[in-house]
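Novice: I'm passing along work04.pdb; it holds PDB, C-alpha atoms, pLDDT in the B column.
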```
MODEL        1
ATOM      1  CA  MET G   1      26.316   1.895  -2.773  1.00 51.00           C
ATOM      2  CA  VAL G   2      23.339   4.183  -3.070  1.00 51.00           C
ATOM      3  CA  ALA G   3      20.557   1.631  -2.762  1.00 47.00           C
ATOM      4  CA  ARG G   4      21.083   0.954   0.921  1.00 48.00           C
ATOM      5  CA  VAL G   5      19.204   2.454   3.841  1.00 47.00           C
ATOM      6  CA  ARG G   6      22.214   4.716   4.423  1.00 49.00           C
ATOM      7  CA  ALA G   7      24.788   5.802   1.858  1.00 56.00           C
ATOM      8  CA  ALA G   8      27.950   3.734   2.254  1.00 63.00           C
ATOM      9  CA  PRO G   9      31.030   2.886   0.223  1.00 72.00           C
ATOM     10  CA  ILE G  10      31.328  -0.494  -1.451  1.00 78.00           C
ATOM     11  CA  ARG G  11      33.631  -2.917   0.377  1.00 85.00           C
ATOM     12  CA  GLY G  12      34.037  -5.682  -2.207  1.00 84.00           C
ATOM     13  CA  VAL G  13      32.338  -8.008  -4.690  1.00 86.00           C
ATOM     14  CA  HIS G  14      30.002 -10.833  -3.730  1.00 86.00           C
ATOM     15  CA  ASP G  15      29.417 -11.782  -7.373  1.00 87.00           C
ATOM     16  CA  ARG G  16      29.939 -10.011 -10.673  1.00 88.00           C
ATOM     17  CA  ILE G  17      27.379  -7.746 -12.284  1.00 83.00           C
ATOM     18  CA  TYR G  18      26.608  -7.679 -16.000  1.00 85.00           C
ATOM     19  CA  HIS G  19      24.929  -5.990 -18.921  1.00 88.00           C
ATOM     20  CA  ARG G  20      22.917  -8.518 -20.921  1.00 92.00           C
ATOM     21  CA  VAL G  21      22.105  -7.471 -24.480  1.00 95.00           C
ATOM     22  CA  ALA G  22      19.819  -9.090 -27.038  1.00 93.00           C
ATOM     23  CA  ALA G  23      19.967  -7.565 -30.520  1.00 95.00           C
ATOM     24  CA  LEU G  24      17.034  -8.244 -32.829  1.00 94.00           C
ATOM     25  CA  HIS G  25      16.818  -7.273 -36.496  1.00 95.00           C
ATOM     26  CA  ASP G  26      13.888  -7.812 -38.862  1.00 93.00           C
ATOM     27  CA  GLY G  27      15.741  -6.915 -42.062  1.00 92.00           C
ATOM     28  CA  ARG G  28      15.062  -3.192 -41.676  1.00 95.00           C
ATOM     29  CA  THR G  29      15.221  -2.193 -38.025  1.00 96.00           C
ATOM     30  CA  THR G  30      17.522  -3.127 -35.162  1.00 96.00           C
ATOM     31  CA  PHE G  31      16.020  -3.407 -31.689  1.00 96.00           C
ATOM     32  CA  LEU G  32      18.088  -3.765 -28.519  1.00 96.00           C
ATOM     33  CA  LEU G  33      16.832  -5.339 -25.319  1.00 94.00           C
ATOM     34  CA  VAL G  34      19.265  -4.498 -22.514  1.00 94.00           C
ATOM     35  CA  SER G  35      19.217  -5.545 -18.872  1.00 92.00           C
ATOM     36  CA  SER G  36      21.832  -4.125 -16.497  1.00 90.00           C
ATOM     37  CA  ASP G  37      22.706  -5.216 -12.975  1.00 88.00           C
ATOM     38  CA  ILE G  38      22.393  -1.664 -11.658  1.00 84.00           C
ATOM     39  CA  CYS G  39      20.061  -0.269  -9.007  1.00 81.00           C
ATOM     40  CA  THR G  40      18.910   2.830 -10.888  1.00 81.00           C
ATOM     41  CA  ILE G  41      19.916   4.911 -13.909  1.00 84.00           C
ATOM     42  CA  SER G  42      19.341   8.641 -13.904  1.00 82.00           C
ATOM     43  CA  PRO G  43      17.340  10.201 -16.751  1.00 85.00           C
ATOM     44  CA  ALA G  44      20.316  12.375 -17.773  1.00 86.00           C
ATOM     45  CA  PHE G  45      22.608   9.336 -17.991  1.00 88.00           C
ATOM     46  CA  TYR G  46      20.031   7.433 -20.044  1.00 90.00           C
ATOM     47  CA  LEU G  47      19.512  10.336 -22.467  1.00 92.00           C
ATOM     48  CA  ALA G  48      23.274  10.845 -22.923  1.00 92.00           C
ATOM     49  CA  PHE G  49      23.689   7.124 -23.604  1.00 93.00           C
ATOM     50  CA  CYS G  50      20.857   7.144 -26.185  1.00 95.00           C
ATOM     51  CA  LYS G  51      22.312  10.192 -27.933  1.00 96.00           C
ATOM     52  CA  ARG G  52      25.750   8.559 -28.202  1.00 95.00           C
ATOM     53  CA  LEU G  53      24.195   5.281 -29.368  1.00 96.00           C
ATOM     54  CA  GLU G  54      22.263   7.032 -32.135  1.00 97.00           C
ATOM     55  CA  LEU G  55      25.316   9.020 -33.251  1.00 97.00           C
ATOM     56  CA  GLN G  56      27.549   5.934 -33.354  1.00 95.00           C
ATOM     57  CA  THR G  57      25.110   3.330 -34.674  1.00 95.00           C
ATOM     58  CA  GLY G  58      21.994   5.037 -36.013  1.00 96.00           C
ATOM     59  CA  ILE G  59      19.899   3.120 -33.454  1.00 97.00           C
ATOM     60  CA  LYS G  60      17.243   5.511 -32.158  1.00 96.00           C
ATOM     61  CA  PRO G  61      16.034   5.658 -28.521  1.00 94.00           C
ATOM     62  CA  GLY G  62      12.708   4.077 -29.518  1.00 95.00           C
ATOM     63  CA  GLN G  63      14.641   1.008 -30.695  1.00 97.00           C
ATOM     64  CA  VAL G  64      16.158   0.402 -27.251  1.00 95.00           C
ATOM     65  CA  TRP G  65      14.470  -1.128 -24.260  1.00 93.00           C
ATOM     66  CA  TRP G  66      16.891  -0.703 -21.354  1.00 91.00           C
ATOM     67  CA  CYS G  67      15.939  -1.900 -17.912  1.00 90.00           C
ATOM     68  CA  THR G  68      17.798  -2.490 -14.683  1.00 87.00           C
ATOM     69  CA  THR G  69      17.535  -5.478 -12.402  1.00 85.00           C
ATOM     70  CA  HIS G  70      17.253  -2.887  -9.604  1.00 80.00           C
ATOM     71  CA  THR G  71      19.578  -4.929  -7.437  1.00 80.00           C
ATOM     72  CA  HIS G  72      20.073  -3.170  -4.132  1.00 78.00           C
ATOM     73  CA  SER G  73      23.658  -4.448  -4.208  1.00 76.00           C
ATOM     74  CA  ALA G  74      24.891  -2.265  -7.066  1.00 79.00           C
ATOM     75  CA  PRO G  75      25.401   1.462  -7.520  1.00 77.00           C
ATOM     76  CA  HIS G  76      23.153   4.102  -8.972  1.00 75.00           C
ATOM     77  CA  VAL G  77      24.520   5.360 -12.293  1.00 80.00           C
ATOM     78  CA  GLY G  78      24.297   8.993 -13.354  1.00 75.00           C
ATOM     79  CA  PRO G  79      23.803  12.403 -11.792  1.00 70.00           C
ATOM     80  CA  HIS G  80      21.270  12.943  -9.010  1.00 66.00           C
ATOM     81  CA  ASP G  81      18.327  13.934 -11.184  1.00 64.00           C
ATOM     82  CA  LEU G  82      15.703  11.386 -10.219  1.00 61.00           C
ATOM     83  CA  GLY G  83      13.228  14.086  -9.262  1.00 62.00           C
ATOM     84  CA  PRO G  84      11.436  15.261  -6.117  1.00 62.00           C
ATOM     85  CA  LEU G  85       9.816  11.903  -5.362  1.00 58.00           C
ATOM     86  CA  PHE G  86      13.209  10.255  -4.973  1.00 62.00           C
ATOM     87  CA  ALA G  87      14.767  13.259  -3.247  1.00 61.00           C
ATOM     88  CA  GLY G  88      12.025  13.189  -0.647  1.00 62.00           C
ATOM     89  CA  THR G  89      12.035   9.451  -0.008  1.00 60.00           C
ATOM     90  CA  LEU G  90      15.647   8.332  -0.394  1.00 61.00           C
ATOM     91  CA  GLY G  91      17.095  10.384   2.462  1.00 58.00           C
ATOM     92  CA  ASP G  92      20.877  10.602   2.393  1.00 59.00           C
ATOM     93  CA  ARG G  93      21.374   7.806  -0.148  1.00 59.00           C
ATOM     94  CA  PHE G  94      22.626  10.320  -2.692  1.00 58.00           C
ATOM     95  CA  SER G  95      24.853  12.220  -0.271  1.00 60.00           C
ATOM     96  CA  ILE G  96      28.063  10.318  -1.029  1.00 62.00           C
ATOM     97  CA  GLN G  97      30.449  11.361  -3.788  1.00 69.00           C
ATOM     98  CA  HIS G  98      29.858   9.146  -6.801  1.00 72.00           C
ATOM     99  CA  ASP G  99      32.621   7.771  -8.982  1.00 76.00           C
ATOM    100  CA  THR G 100      31.986   9.338 -12.388  1.00 83.00           C
ATOM    101  CA  ALA G 101      34.799   7.216 -13.873  1.00 88.00           C
ATOM    102  CA  TYR G 102      32.589   4.230 -13.041  1.00 85.00           C
ATOM    103  CA  TRP G 103      29.781   5.756 -15.082  1.00 86.00           C
ATOM    104  CA  THR G 104      32.140   5.993 -18.072  1.00 91.00           C
ATOM    105  CA  TRP G 105      33.235   2.402 -17.509  1.00 90.00           C
ATOM    106  CA  VAL G 106      29.583   1.248 -17.392  1.00 89.00           C
ATOM    107  CA  THR G 107      28.858   3.043 -20.677  1.00 92.00           C
ATOM    108  CA  ASP G 108      31.933   1.599 -22.393  1.00 94.00           C
ATOM    109  CA  ARG G 109      31.085  -1.960 -21.286  1.00 93.00           C
ATOM    110  CA  LEU G 110      27.523  -1.491 -22.504  1.00 94.00           C
ATOM    111  CA  PHE G 111      28.725  -0.366 -25.931  1.00 96.00           C
ATOM    112  CA  GLU G 112      31.020  -3.415 -26.078  1.00 96.00           C
ATOM    113  CA  GLY G 113      28.062  -5.674 -25.272  1.00 96.00           C
ATOM    114  CA  ILE G 114      25.895  -4.007 -27.906  1.00 97.00           C
ATOM    115  CA  GLY G 115      28.671  -4.455 -30.465  1.00 97.00           C
ATOM    116  CA  ARG G 116      29.008  -8.166 -29.653  1.00 96.00           C
ATOM    117  CA  ALA G 117      25.237  -8.670 -29.792  1.00 96.00           C
ATOM    118  CA  ARG G 118      25.002  -6.978 -33.188  1.00 97.00           C
ATOM    119  CA  LEU G 119      27.918  -9.026 -34.550  1.00 96.00           C
ATOM    120  CA  GLY G 120      26.190 -12.186 -33.323  1.00 93.00           C
ATOM    121  CA  LEU G 121      22.968 -11.559 -35.257  1.00 94.00           C
ATOM    122  CA  GLN G 122      21.827 -14.691 -37.094  1.00 93.00           C
ATOM    123  CA  PRO G 123      18.599 -16.067 -38.541  1.00 94.00           C
ATOM    124  CA  ALA G 124      16.352 -17.013 -35.660  1.00 93.00           C
ATOM    125  CA  ARG G 125      12.864 -17.679 -34.412  1.00 94.00           C
ATOM    126  CA  LEU G 126      11.273 -15.729 -31.615  1.00 92.00           C
ATOM    127  CA  GLY G 127       8.814 -17.268 -29.186  1.00 94.00           C
ATOM    128  CA  ILE G 128       6.892 -15.787 -26.298  1.00 96.00           C
ATOM    129  CA  GLY G 129       5.183 -17.342 -23.334  1.00 97.00           C
ATOM    130  CA  THR G 130       4.257 -16.949 -19.718  1.00 97.00           C
ATOM    131  CA  GLY G 131       4.638 -18.981 -16.571  1.00 95.00           C
ATOM    132  CA  THR G 132       3.995 -18.684 -12.875  1.00 94.00           C
ATOM    133  CA  ALA G 133       6.401 -18.533  -9.931  1.00 91.00           C
ATOM    134  CA  ARG G 134       5.986 -18.059  -6.213  1.00 87.00           C
ATOM    135  CA  ALA G 135       9.360 -16.468  -5.396  1.00 85.00           C
ATOM    136  CA  ASN G 136       7.942 -13.089  -4.390  1.00 85.00           C
ATOM    137  CA  VAL G 137       5.771 -11.917  -1.519  1.00 87.00           C
ATOM    138  CA  ASN G 138       3.822  -8.792  -0.664  1.00 90.00           C
ATOM    139  CA  ARG G 139       5.886  -6.943   1.950  1.00 86.00           C
ATOM    140  CA  ARG G 140       3.173  -4.597   3.263  1.00 90.00           C
ATOM    141  CA  GLN G 141       2.380  -6.271   6.565  1.00 93.00           C
ATOM    142  CA  ARG G 142      -0.380  -4.939   8.826  1.00 93.00           C
ATOM    143  CA  ARG G 143       0.508  -5.103  12.519  1.00 94.00           C
ATOM    144  CA  PRO G 144      -2.148  -5.859  15.173  1.00 94.00           C
ATOM    145  CA  ASP G 145      -2.122  -2.147  16.085  1.00 96.00           C
ATOM    146  CA  GLY G 146      -3.040  -1.277  12.459  1.00 94.00           C
ATOM    147  CA  ARG G 147       0.367   0.067  11.421  1.00 94.00           C
ATOM    148  CA  ILE G 148       1.714  -1.017   8.037  1.00 92.00           C
ATOM    149  CA  VAL G 149       5.375  -2.100   8.120  1.00 91.00           C
ATOM    150  CA  LEU G 150       7.823  -3.798   5.775  1.00 84.00           C
ATOM    151  CA  GLY G 151       7.349  -7.445   6.552  1.00 88.00           C
ATOM    152  CA  VAL G 152       5.554 -10.420   5.024  1.00 90.00           C
ATOM    153  CA  ASN G 153       1.938 -10.355   3.871  1.00 93.00           C
ATOM    154  CA  PRO G 154       1.183 -13.744   2.273  1.00 90.00           C
ATOM    155  CA  ASP G 155      -2.386 -12.663   1.477  1.00 91.00           C
ATOM    156  CA  GLY G 156      -1.439  -9.372  -0.217  1.00 92.00           C
ATOM    157  CA  PRO G 157      -1.488  -8.929  -3.992  1.00 93.00           C
ATOM    158  CA  VAL G 158       1.624  -9.868  -5.990  1.00 91.00           C
ATOM    159  CA  ASP G 159       2.406 -10.391  -9.659  1.00 91.00           C
ATOM    160  CA  ARG G 160       3.352 -14.063 -10.022  1.00 92.00           C
ATOM    161  CA  GLN G 161       3.518 -14.104 -13.825  1.00 94.00           C
ATOM    162  CA  ILE G 162       6.853 -14.685 -15.561  1.00 94.00           C
ATOM    163  CA  GLY G 163       7.045 -13.270 -19.078  1.00 95.00           C
ATOM    164  CA  LEU G 164       9.353 -15.267 -21.352  1.00 94.00           C
ATOM    165  CA  LEU G 165      11.005 -14.429 -24.650  1.00 92.00           C
ATOM    166  CA  ARG G 166      12.775 -17.378 -26.319  1.00 94.00           C
ATOM    167  CA  LEU G 167      15.339 -16.887 -29.080  1.00 93.00           C
ATOM    168  CA  GLU G 168      16.245 -20.030 -30.988  1.00 94.00           C
ATOM    169  CA  ARG G 169      18.289 -20.898 -34.045  1.00 93.00           C
ATOM    170  CA  ASN G 170      16.489 -22.227 -37.099  1.00 91.00           C
ATOM    171  CA  ASP G 171      17.426 -25.777 -36.021  1.00 94.00           C
ATOM    172  CA  GLY G 172      15.518 -25.245 -32.752  1.00 93.00           C
ATOM    173  CA  THR G 173      18.506 -24.904 -30.419  1.00 96.00           C
ATOM    174  CA  LEU G 174      18.248 -22.196 -27.794  1.00 95.00           C
ATOM    175  CA  PHE G 175      20.605 -19.231 -27.840  1.00 88.00           C
ATOM    176  CA  GLY G 176      18.742 -16.760 -25.668  1.00 90.00           C
ATOM    177  CA  LEU G 177      16.048 -16.624 -23.039  1.00 91.00           C
ATOM    178  CA  VAL G 178      14.710 -13.425 -21.486  1.00 90.00           C
ATOM    179  CA  ALA G 179      12.564 -13.606 -18.364  1.00 90.00           C
ATOM    180  CA  ASN G 180      10.608 -10.783 -16.746  1.00 88.00           C
ATOM    181  CA  TYR G 181       9.513 -11.234 -13.136  1.00 83.00           C
ATOM    182  CA  ALA G 182       8.440  -8.726 -10.490  1.00 80.00           C
ATOM    183  CA  ILE G 183      10.674  -9.048  -7.452  1.00 76.00           C
ATOM    184  CA  HIS G 184      12.579  -6.537  -5.341  1.00 73.00           C
ATOM    185  CA  GLY G 185      16.318  -7.334  -5.355  1.00 67.00           C
ATOM    186  CA  THR G 186      17.089  -6.996  -1.648  1.00 70.00           C
ATOM    187  CA  ALA G 187      18.114 -10.568  -0.779  1.00 70.00           C
ATOM    188  CA  LEU G 188      21.468  -9.643   0.796  1.00 69.00           C
ATOM    189  CA  GLY G 189      19.850  -7.257   3.274  1.00 70.00           C
ATOM    190  CA  GLY G 190      20.266  -3.621   4.254  1.00 71.00           C
ATOM    191  CA  GLY G 191      23.688  -4.081   5.860  1.00 76.00           C
ATOM    192  CA  ASN G 192      25.308  -5.493   2.721  1.00 73.00           C
ATOM    193  CA  LYS G 193      28.318  -3.565   1.353  1.00 78.00           C
ATOM    194  CA  LEU G 194      29.257  -6.013  -1.422  1.00 80.00           C
ATOM    195  CA  ILE G 195      28.443  -5.688  -5.125  1.00 75.00           C
ATOM    196  CA  SER G 196      26.028  -8.367  -6.310  1.00 76.00           C
ATOM    197  CA  GLY G 197      23.743  -8.865  -9.319  1.00 73.00           C
TER     198      GLY G 197
ENDMDL
END
```
Using structure tokens, write down the structure from this file.
Specialist:
Amino acid sequence: MVARVRAAPIRGVHDRIYHRVAALHDGRTTFLLVSSDICTISPAFYLAFCKRLELQTGIKPGQVWWCTTHTHSAPHVGPHDLGPLFAGTLGDRFSIQHDTAYWTWVTDRLFEGIGRARLGLQPARLGIGTGTARANVNRRQRRPDGRIVLGVNPDGPVDRQIGLLRLERNDGTLFGLVANYAIHGTALGGGNKLISG
């Protein structure tokens, strides 16, 4: 698992991880909204995925919004090309040998999910909204000696807004809800060696 303080192999599964895909179509253009329970995706992996997607489906990169949950309990996917910022700050997190067969498996599962989402297209209404939650906290804590450490800063700035996208059938029944909320997925702690979304 690359997202830990030190690179370490995965020891098991705490709970399953997923790709979640919403396919939208306005009669002319298909748009895919994808969320993956992955820590990070390398630029090269993303570009290769987009190229294959366009070749197989005609869906262009600008018609795909792919994000990760950035769970710290899932692997990085793709070659080590995240740039000098990451190389300088992530220490030995990229020093372990990655399982490239896993990358292929991730891609194949994503294409399956996209296929299912496209087959499930139906007339629908789209709604948007916002809400507020207090599940996050600023972690830049100032110590009495003036040092800034990772801790809890209840007075520091945080984004408490939840963005919501509601997909409903024409009869008003819900068939999809997308939420966007700023939180850092580190709940299982730095010593965790189990996969979790």
Novice: Run the PyMOL selection byres ((chain G and resi 65-68) around 8) against the file shown and list the residues it catches, as a ChimeraX atom specification.
Specialist: /G:31-41,62-64,69-71
Novice: Mind giving me the axis-aligned box for segment 101-107 of chain G with 5 Å on every side, centre plus edges in Å to one decimal, as lines of an AutoDock Vina configuration file?
Specialist:
```
center_x = 31.8
center_y = 4.2
center_z = -16.9
size_x = 15.9
size_y = 16.0
size_z = 17.6
```
Novice: At a cut-off of 7 Å, using only C-alpha atoms, what residues contact segment 127-144 of chain G? Leave out same-chain residues fewer than 2 positions from it and give the result as a PyMOL selection string.
Specialist: chain G and resi 125+146-154+156-158+160-167+183
Novice: How many Å separate atom CA of Leu53 of chain G from atom CA of Ala124 of chain G?
Specialist: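 Value for the atom CA of Leu53 of chain G-atom CA of Ala124 of chain G distance: 24.5 Å.
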Novice: Using Å and a single decimal, report how far atom CA of Ala22 of chain G sits from atom CA of Trp105 of chain G.
Specialist: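 Result for atom CA of Trp105 of chain G versus atom CA of Ala22 of chain G: 20.1 Å, one decimal.
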Novice: I would like the residues chosen by the PyMOL selection byres ((chain G and resi 186) around 9) on the shown file; could you give them as a PyMOL selection string?
Specialist: chain G and resi 70-73+183-185+187-190
Novice: Could you write out that same residue set with C-alpha atoms as a PDB file, in the coordinates of the input?
Specialist:
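Result file follows (again.pdb):
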```pdb
ATOM      1  CA  HIS G  70      17.253  -2.887  -9.604  1.00 80.00           C
ATOM      2  CA  THR G  71      19.578  -4.929  -7.437  1.00 80.00           C
ATOM      3  CA  HIS G  72      20.073  -3.170  -4.132  1.00 78.00           C
ATOM      4  CA  SER G  73      23.658  -4.448  -4.208  1.00 76.00           C
ATOM      5  CA  ILE G 183      10.674  -9.048  -7.452  1.00 76.00           C
ATOM      6  CA  HIS G 184      12.579  -6.537  -5.341  1.00 73.00           C
ATOM      7  CA  GLY G 185      16.318  -7.334  -5.355  1.00 67.00           C
ATOM      8  CA  ALA G 187      18.114 -10.568  -0.779  1.00 70.00           C
ATOM      9  CA  LEU G 188      21.468  -9.643   0.796  1.00 69.00           C
ATOM     10  CA  GLY G 189      19.850  -7.257   3.274  1.00 70.00           C
ATOM     11  CA  GLY G 190      20.266  -3.621   4.254  1.00 71.00           C
TER      12      GLY G 190
END
```
Novice: Between G:Leu126, G:Pro79, G:Asp155, G:Ala74, which one has atoms that come closest to Gly12 of chain G, using all atoms listed in the file?
Specialist: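 Using all atoms listed in the file, Gly12 of chain G sits closest to G:Ala74.
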Novice: Quick one: apply the PyMOL selection byres ((chain G and resi 110) around 9) to the file and drop the selected residues here as a list in words.
Specialist: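 On this input, the PyMOL selection byres ((chain G and resi 110) around 9) captures His19, Arg20, Val21, Val34, Ser36, Trp105, Val106, Thr107, Asp108, Arg109, Phe111, Glu112, Gly113, Ile114 and Gly115 of chain G.
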Novice: Please save C-alpha atoms of the selected residues as a PDB file, keeping the file's coordinate frame.
Specialist:
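Okay, part_31.pdb is ready:
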```pdb
ATOM      1  CA  HIS G  19      24.929  -5.990 -18.921  1.00 88.00           C
ATOM      2  CA  ARG G  20      22.917  -8.518 -20.921  1.00 92.00           C
ATOM      3  CA  VAL G  21      22.105  -7.471 -24.480  1.00 95.00           C
ATOM      4  CA  VAL G  34      19.265  -4.498 -22.514  1.00 94.00           C
ATOM      5  CA  SER G  36      21.832  -4.125 -16.497  1.00 90.00           C
ATOM      6  CA  TRP G 105      33.235   2.402 -17.509  1.00 90.00           C
ATOM      7  CA  VAL G 106      29.583   1.248 -17.392  1.00 89.00           C
ATOM      8  CA  THR G 107      28.858   3.043 -20.677  1.00 92.00           C
ATOM      9  CA  ASP G 108      31.933   1.599 -22.393  1.00 94.00           C
ATOM     10  CA  ARG G 109      31.085  -1.960 -21.286  1.00 93.00           C
ATOM     11  CA  PHE G 111      28.725  -0.366 -25.931  1.00 96.00           C
ATOM     12  CA  GLU G 112      31.020  -3.415 -26.078  1.00 96.00           C
ATOM     13  CA  GLY G 113      28.062  -5.674 -25.272  1.00 96.00           C
ATOM     14  CA  ILE G 114      25.895  -4.007 -27.906  1.00 97.00           C
ATOM     15  CA  GLY G 115      28.671  -4.455 -30.465  1.00 97.00           C
TER      16      GLY G 115
END
```
Novice: What gap, in Å, lies between atom CA of Phe49 of chain G and atom CA of Pro61 of chain G?
Specialist: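 According to the coordinates, atom CA of Phe49 of chain G and atom CA of Pro61 of chain G are separated by 9.2 Å.
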Novice: Of the candidates G:Pro123, G:Asn192, G:Asp26, G:Lys51, which one gets nearest to Gly172 of chain G if we count only C-alpha atoms?
Specialist: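 Going through G:Pro123, G:Asn192, G:Asp26, G:Lys51 one by one, the smallest distance to Gly172 of chain G is for G:Pro123.
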